[in-house]
Amino acid sequence: MRLSRLAPLVAATVAVAALWVAPLFLDPFAVNVLTRSMIYAVLAVTVDLLWGFMGILTFGQAAFFGVGAYAAAMMLGRFGGAPEWIAAALGVAVAASTLLGLAVGWLSFYHRSTALYASVISLVFPIVVTQLIYSGGELTGSSSGLVGFDVLPFEPAGFFRLAAMVLVAVTLAAWVFVRSDAGRALVAVRDNDARCAYLGLNPKRLQILMTTVLAGVAGLAGFMFANASGVVAPENAGFLFGTELVIWVALGGRGTLLGPVVGTVAIDYLAANLSGNLPFLWQLLLGATFVAVIILLPGGLAELASRVVGWLPSRRAEGFAPTLRARASLPASRDYADPLLKVSGLAKSYGSLTVLENIDLEVRPGELVSLVGPNGAGKTTLMRCLSDGTEPIKGEIAIDGSSTAGLTPNRIVALGIGRKFQVASVFESLTVADCLLLARASHDGLSPVGRAQALSLPQAAIDVMRMTGLDRMLASPVHLLSHGQKQALELSMVVALEPRMILLDEPTAGLTKAERTTIGTVLRTLTGELGIAAVLVEHDLDFVRQISSRIVVLHQGRLVLDGTVDEVVNSETVKTIYSGGGHD
Amino acid sequence: MLLILDVLTTAAVLFVVAIGLLAIFGVLKIINFAHGAWITVGAYCAVVTTHLGLNPWVALPLAFVVGGALGALSELFIIRPLYRRPLDAILATWGLGIVIGQLITLGFGRDVQLTPNLVSGTVNLLGVDYSAYRLVALAAAIVVGVAFAATIEGTRLGLSARAVIMNETLARGLGIDTARVRLLTFMIGAGLAALSGVLLTPLSSVDPNMGVGWLIGAFMLVMVANGSLPALALACLAFGAAQVLISTFVSPILGSIAIAVLAALVLRINPKGFSRA
């Protein structure tokens, strides 16, 4: 274990050493071109983190790069190359791009924003930056760019070594980060950002944070570019350069970090050597290869390499599993008389279609309330209104006395509500252990540098896993689990949140008799012994009768009955509703 | 008056350029970044027509046919495997655009080509001398828009396309050949893009990369229209007006980014854009 943790550091050290002596053996042309290629490779790493790992297709890194380059060039051109001004130029380049990254991130990611919208913004942003550069007059040099500013006092070999060290450092940091616990969150947001929110995490904040930090890294690359090349031009910030970055990352192999680095350096170096002789043919070949790779080999050349060699580490080849440990659960110290959930006068409509009308409901700690009613009665809609305060509703929903109006799902989770969906909502590209790790993240945090060796879960969550055999499958990828196992995994994730109330939407649908009994036992333990409240949507009336402490009947959007199991089961109203109604 | 005509004709040009992209996005849910390349192909059809000494108007049907044929090939070999990966489809069509642009460069060189004006001179309209061609473009936009709406509303293909938009699985279950609907839609979309390329030749310089600039504008308009034809017309009018007014009264550079910025803001406020406004 220790050895494999040291491996990236050793590899990075070897890489730095090799690149340090490389200029001695390369001709000046190669040194110049590779310096530029390695700066571009830093950008490729940022694009790979955003696109390959987080699923945000971005063309905007070029603009942050351009902003960094122009900020450095303008500072150095105005104040000269004294050491303190070089430091100031570096600071301004990184700060300006970071701030713009924050603005772009805030604009791109908000509750219910789509991946496509982020791509649209990332496309508009470089166009705006380029036009601003064109209209900047003498300040930005307009279409001819800026030249003749002072730069760092390095020989070409010095810039080569600087670019190499920064590239290795950025790649190493990204490598360690994506393999850490926090790195799991990047993939989780890409897979299922709704589930992230319902685990109490804030996926949008993570996306904004990554956009901001990686914009700063792109700004740093821009600063190096301005110094190494001594010239900045509007094309450096443009949308077309942004698409080139994506092409390099795609060809190298998205989601592998090393693939994009190697791909970028190789393609840019080849381009510099070939495009002089065959400019159009080179572009044609590159474009055709790109199309072919996207269609036939989505993992890029890294996928090809790992198929051929079999040793290249990729994000798919991971079998890490921590040991499970039970944590002491919080004692049920609450006064059972106060309602935990209080719904008054709730109404919900989509346009002219009224789905819920005048719902009043109270749920106390330790109660297991089943919500029954025919299809279309509004059960799932009620669950959605309870767990997402941004749904437009009439009436009032309060959890432990505080209104949920306007709260996004992750903030409602923070109030102590866990929700299990009808179709198991888990993270398909992660392992069982990773899913549970993320379920605990809102309580325990995530390490950005390493992997926790032990995973401590509430006893109830461990019980669910034991009963379904999931505790022996911690290292299994979730997409290999059966339907029932995914349902159980989602239930353990929700229980691991240590909620005060769980909302369950048909947790037994499609499960075997044995699995149903297991889930019933778990629910009774949670409510009876731990004092958790549960609201359950269920069609299986036998199951409902066995486990509920109260039953609520919904029909055509109205709450028609709210009583004990006996009251409801023997009620004439319920018989009428379920047998079609109207014929006595 | 001049401003009103400018707004109307600018909106018309935007509409003609964007409608092919809208057709493909509406039915296939694919953003076709090769759209710019189809526009360029259309414009070069006009160049070829000139070289052959034919009537410049022949370029219109020629472009529609060439665009449709190329569209069929790309749907079969490039788009079809990517329906489940919409973001990858953006990239693959962008790569296709690069390939087409480079092929055109290899064939015709990278220089700007000159084409004869389809209609020259000016027309006196309510006391203003106005470019006759821009009025022709306005008429063309109306014709294309009406023809497109008639296809969607009045033909069997349009009915099938609407079924595919609403529920593709059900449509297939009812015996509609959805693969054929997709193929035909893509051909029509590419054909319309090439057609708009011909119509652009008197207004824009013809070179191998001319399509890229138009692509961005068309893309933003289609995003705002969210696949709806009336919403596209509305978006073209609103943003066309903004572009003309900002270019005239503030600065041409700001005018050139007006559409992109305004569309991004509209989508931030209402993700469905103009489609339910």
# chains A, B, ... in the order shown; residues from 1 in each chain; ligands from 1

call {"tool": "interface_residues", "arguments": {"of": "chain B", "to": "chain A", "cutoff": "10 Å", "atoms": "only C-alpha atoms", "output": "short mmCIF file (atom, residue, chain, number, x, y, z; two decimals) with C-alpha atoms, in the first residue's frame"}}
result
data_model
loop_
_atom_site.label_atom_id
_atom_site.label_comp_id
_atom_site.auth_asym_id
_atom_site.auth_seq_id
_atom_site.Cartn_x
_atom_site.Cartn_y
_atom_site.Cartn_z
CA PHE B 77 -21.73 7.05 -40.60
CA ILE B 78 -21.18 9.68 -37.91
CA ILE B 79 -24.40 10.71 -36.17
CA ARG B 80 -26.12 7.35 -35.95
CA PRO B 81 -23.68 5.78 -33.45
CA LEU B 82 -23.84 8.88 -31.23
CA ARG B 85 -23.94 10.43 -26.46
CA PRO B 86 -25.22 13.92 -27.30
CA LEU B 87 -22.15 15.80 -26.04
CA ASP B 88 -19.92 13.54 -28.12
CA ALA B 89 -22.14 14.22 -31.11
CA ILE B 90 -21.32 17.93 -30.75
CA LEU B 91 -17.63 17.06 -30.92
CA ALA B 92 -17.91 14.57 -33.79
CA THR B 93 -19.90 17.05 -35.90
CA TRP B 94 -17.35 19.75 -35.05
CA GLY B 95 -14.60 17.40 -36.28
CA LEU B 96 -16.66 16.74 -39.40
CA GLY B 97 -16.83 20.51 -39.90
CA ILE B 98 -13.04 20.71 -39.75
CA VAL B 99 -12.72 17.93 -42.31
CA ILE B 100 -15.18 19.58 -44.70
CA GLY B 101 -13.51 22.97 -44.26
CA GLN B 102 -10.09 21.48 -45.08
CA LEU B 103 -11.45 19.58 -48.08
CA ILE B 104 -12.90 22.82 -49.43
CA THR B 105 -9.56 24.52 -48.80
CA LEU B 106 -7.76 21.76 -50.71
CA GLY B 109 -7.79 27.38 -51.92
CA ARG B 110 -8.19 29.44 -48.79
CA VAL B 212 -18.07 29.12 -38.13
CA ILE B 216 -22.35 30.27 -33.17
CA GLY B 217 -25.20 32.70 -33.78
CA PHE B 219 -26.59 27.70 -32.20
CA MET B 220 -27.48 30.35 -29.62
CA MET B 223 -30.90 27.03 -27.82
CA SER B 251 -20.54 49.78 -31.00
CA PRO B 252 -20.33 47.25 -33.83
CA ILE B 253 -18.10 45.02 -31.69
CA LEU B 254 -20.66 44.84 -28.91
CA SER B 256 -21.40 41.26 -32.86
CA ILE B 257 -21.53 39.55 -29.46
CA ALA B 258 -25.04 40.76 -28.60
CA ILE B 259 -26.79 37.57 -29.72
CA ALA B 260 -24.47 35.23 -27.82
CA VAL B 261 -24.55 37.25 -24.59
CA ALA B 263 -29.08 34.29 -25.42
CA ALA B 264 -26.90 33.13 -22.52
CA LEU B 265 -28.71 35.53 -20.19
CA LEU B 267 -31.33 30.84 -20.85
CA ARG B 268 -29.99 31.62 -17.38
CA PRO B 271 -33.98 27.44 -19.34
#

call {"tool": "residues_around", "arguments": {"residues": "Asn117 of chain B", "least_positions_apart": "3", "cutoff": "9 Å", "atoms": "only C-alpha atoms", "output": "number ranges by chain"}}
result
B: 56, 120, 133, 201-202

call {"tool": "select_by_dssp", "arguments": {"residues": "segment 197-406 of chain A", "states": "strand (DSSP E)", "output": "NGL selection string"}}
result
:A and (231-232 or 323-327 or 341-350 or 353-363 or 368-372 or 394-399 or 402-403)

call {"tool": "closest_residue", "arguments": {"among": "B:Ile246, B:Asp177, B:Asn32, B:Phe239", "to": "Val266 of chain B", "atoms": "only C-alpha atoms"}}
result
B:Phe239

call {"tool": "atom_distance", "arguments": {"atom1": "atom CA of Ser275 of chain A", "atom2": "atom CA of Leu251 of chain A"}}
result
18.1 Å

call {"tool": "residues_around", "arguments": {"residues": "segment 344-352 of chain A", "least_positions_apart": "6", "cutoff": "6 Å", "atoms": "only C-alpha atoms", "output": "count of residues only"}}
result
7

call {"tool": "closest_residue", "arguments": {"among": "A:Val45, A:Ala173, A:Leu209, A:Val449", "to": "Val265 of chain A", "atoms": "only C-alpha atoms"}}
result
A:Val45

call {"tool": "decode", "arguments": {"residues": "segment 191-254 of chain B", "atoms": "C-alpha atoms", "output": "CSV table (one decimal), in the first residue's frame"}}
result
chain,number,residue,atom,x,y,z
B,191,GLY,CA,-30.0,20.9,-47.1
B,192,LEU,CA,-31.5,23.9,-45.5
B,193,ALA,CA,-28.2,24.9,-44.1
B,194,ALA,CA,-26.6,24.7,-47.6
B,195,LEU,CA,-29.5,26.7,-49.1
B,196,SER,CA,-28.9,29.4,-46.5
B,197,GLY,CA,-25.2,29.4,-47.6
B,198,VAL,CA,-26.2,30.3,-51.1
B,199,LEU,CA,-28.5,33.1,-49.8
B,200,LEU,CA,-25.6,34.4,-47.7
B,201,THR,CA,-23.2,34.8,-50.6
B,202,PRO,CA,-24.1,38.4,-51.5
B,203,LEU,CA,-24.0,39.4,-47.8
B,204,SER,CA,-20.9,37.7,-46.5
B,205,SER,CA,-17.5,36.9,-48.0
B,206,VAL,CA,-17.1,33.3,-49.2
B,207,ASP,CA,-14.1,31.5,-47.7
B,208,PRO,CA,-13.6,28.0,-46.2
B,209,ASN,CA,-14.2,29.2,-42.6
B,210,MET,CA,-17.2,31.5,-43.3
B,211,GLY,CA,-19.6,29.0,-41.6
B,212,VAL,CA,-18.1,29.1,-38.1
B,213,GLY,CA,-19.2,32.6,-37.3
B,214,TRP,CA,-22.7,31.9,-38.4
B,215,LEU,CA,-22.7,28.6,-36.6
B,216,ILE,CA,-22.3,30.3,-33.2
B,217,GLY,CA,-25.2,32.7,-33.8
B,218,ALA,CA,-27.5,30.0,-35.1
B,219,PHE,CA,-26.6,27.7,-32.2
B,220,MET,CA,-27.5,30.3,-29.6
B,221,LEU,CA,-30.8,31.1,-31.4
B,222,VAL,CA,-31.7,27.5,-31.5
B,223,MET,CA,-30.9,27.0,-27.8
B,224,VAL,CA,-33.2,29.9,-27.0
B,225,ALA,CA,-35.9,28.6,-29.3
B,226,ASN,CA,-35.6,25.2,-27.7
B,227,GLY,CA,-36.7,23.4,-30.8
B,228,SER,CA,-39.8,25.4,-31.5
B,229,LEU,CA,-40.2,27.2,-34.9
B,230,PRO,CA,-42.4,30.1,-33.7
B,231,ALA,CA,-40.0,30.7,-30.8
B,232,LEU,CA,-37.1,30.7,-33.3
B,233,ALA,CA,-38.8,33.4,-35.4
B,234,LEU,CA,-39.4,35.4,-32.2
B,235,ALA,CA,-35.8,35.0,-31.1
B,236,CYS,CA,-34.5,36.0,-34.5
B,237,LEU,CA,-36.6,39.2,-34.4
B,238,ALA,CA,-35.7,40.1,-30.8
B,239,PHE,CA,-32.0,39.4,-31.0
B,240,GLY,CA,-31.7,40.6,-34.6
B,241,ALA,CA,-33.2,43.9,-33.4
B,242,ALA,CA,-30.8,44.0,-30.4
B,243,GLN,CA,-27.8,43.3,-32.8
B,244,VAL,CA,-28.8,46.1,-35.2
B,245,LEU,CA,-29.6,48.6,-32.5
B,246,ILE,CA,-26.4,48.0,-30.5
B,247,SER,CA,-24.3,48.0,-33.6
B,248,THR,CA,-25.8,51.3,-34.8
B,249,PHE,CA,-26.0,53.2,-31.5
B,250,VAL,CA,-23.3,51.7,-29.3
B,251,SER,CA,-20.5,49.8,-31.0
B,252,PRO,CA,-20.3,47.2,-33.8
B,253,ILE,CA,-18.1,45.0,-31.7
B,254,LEU,CA,-20.7,44.8,-28.9
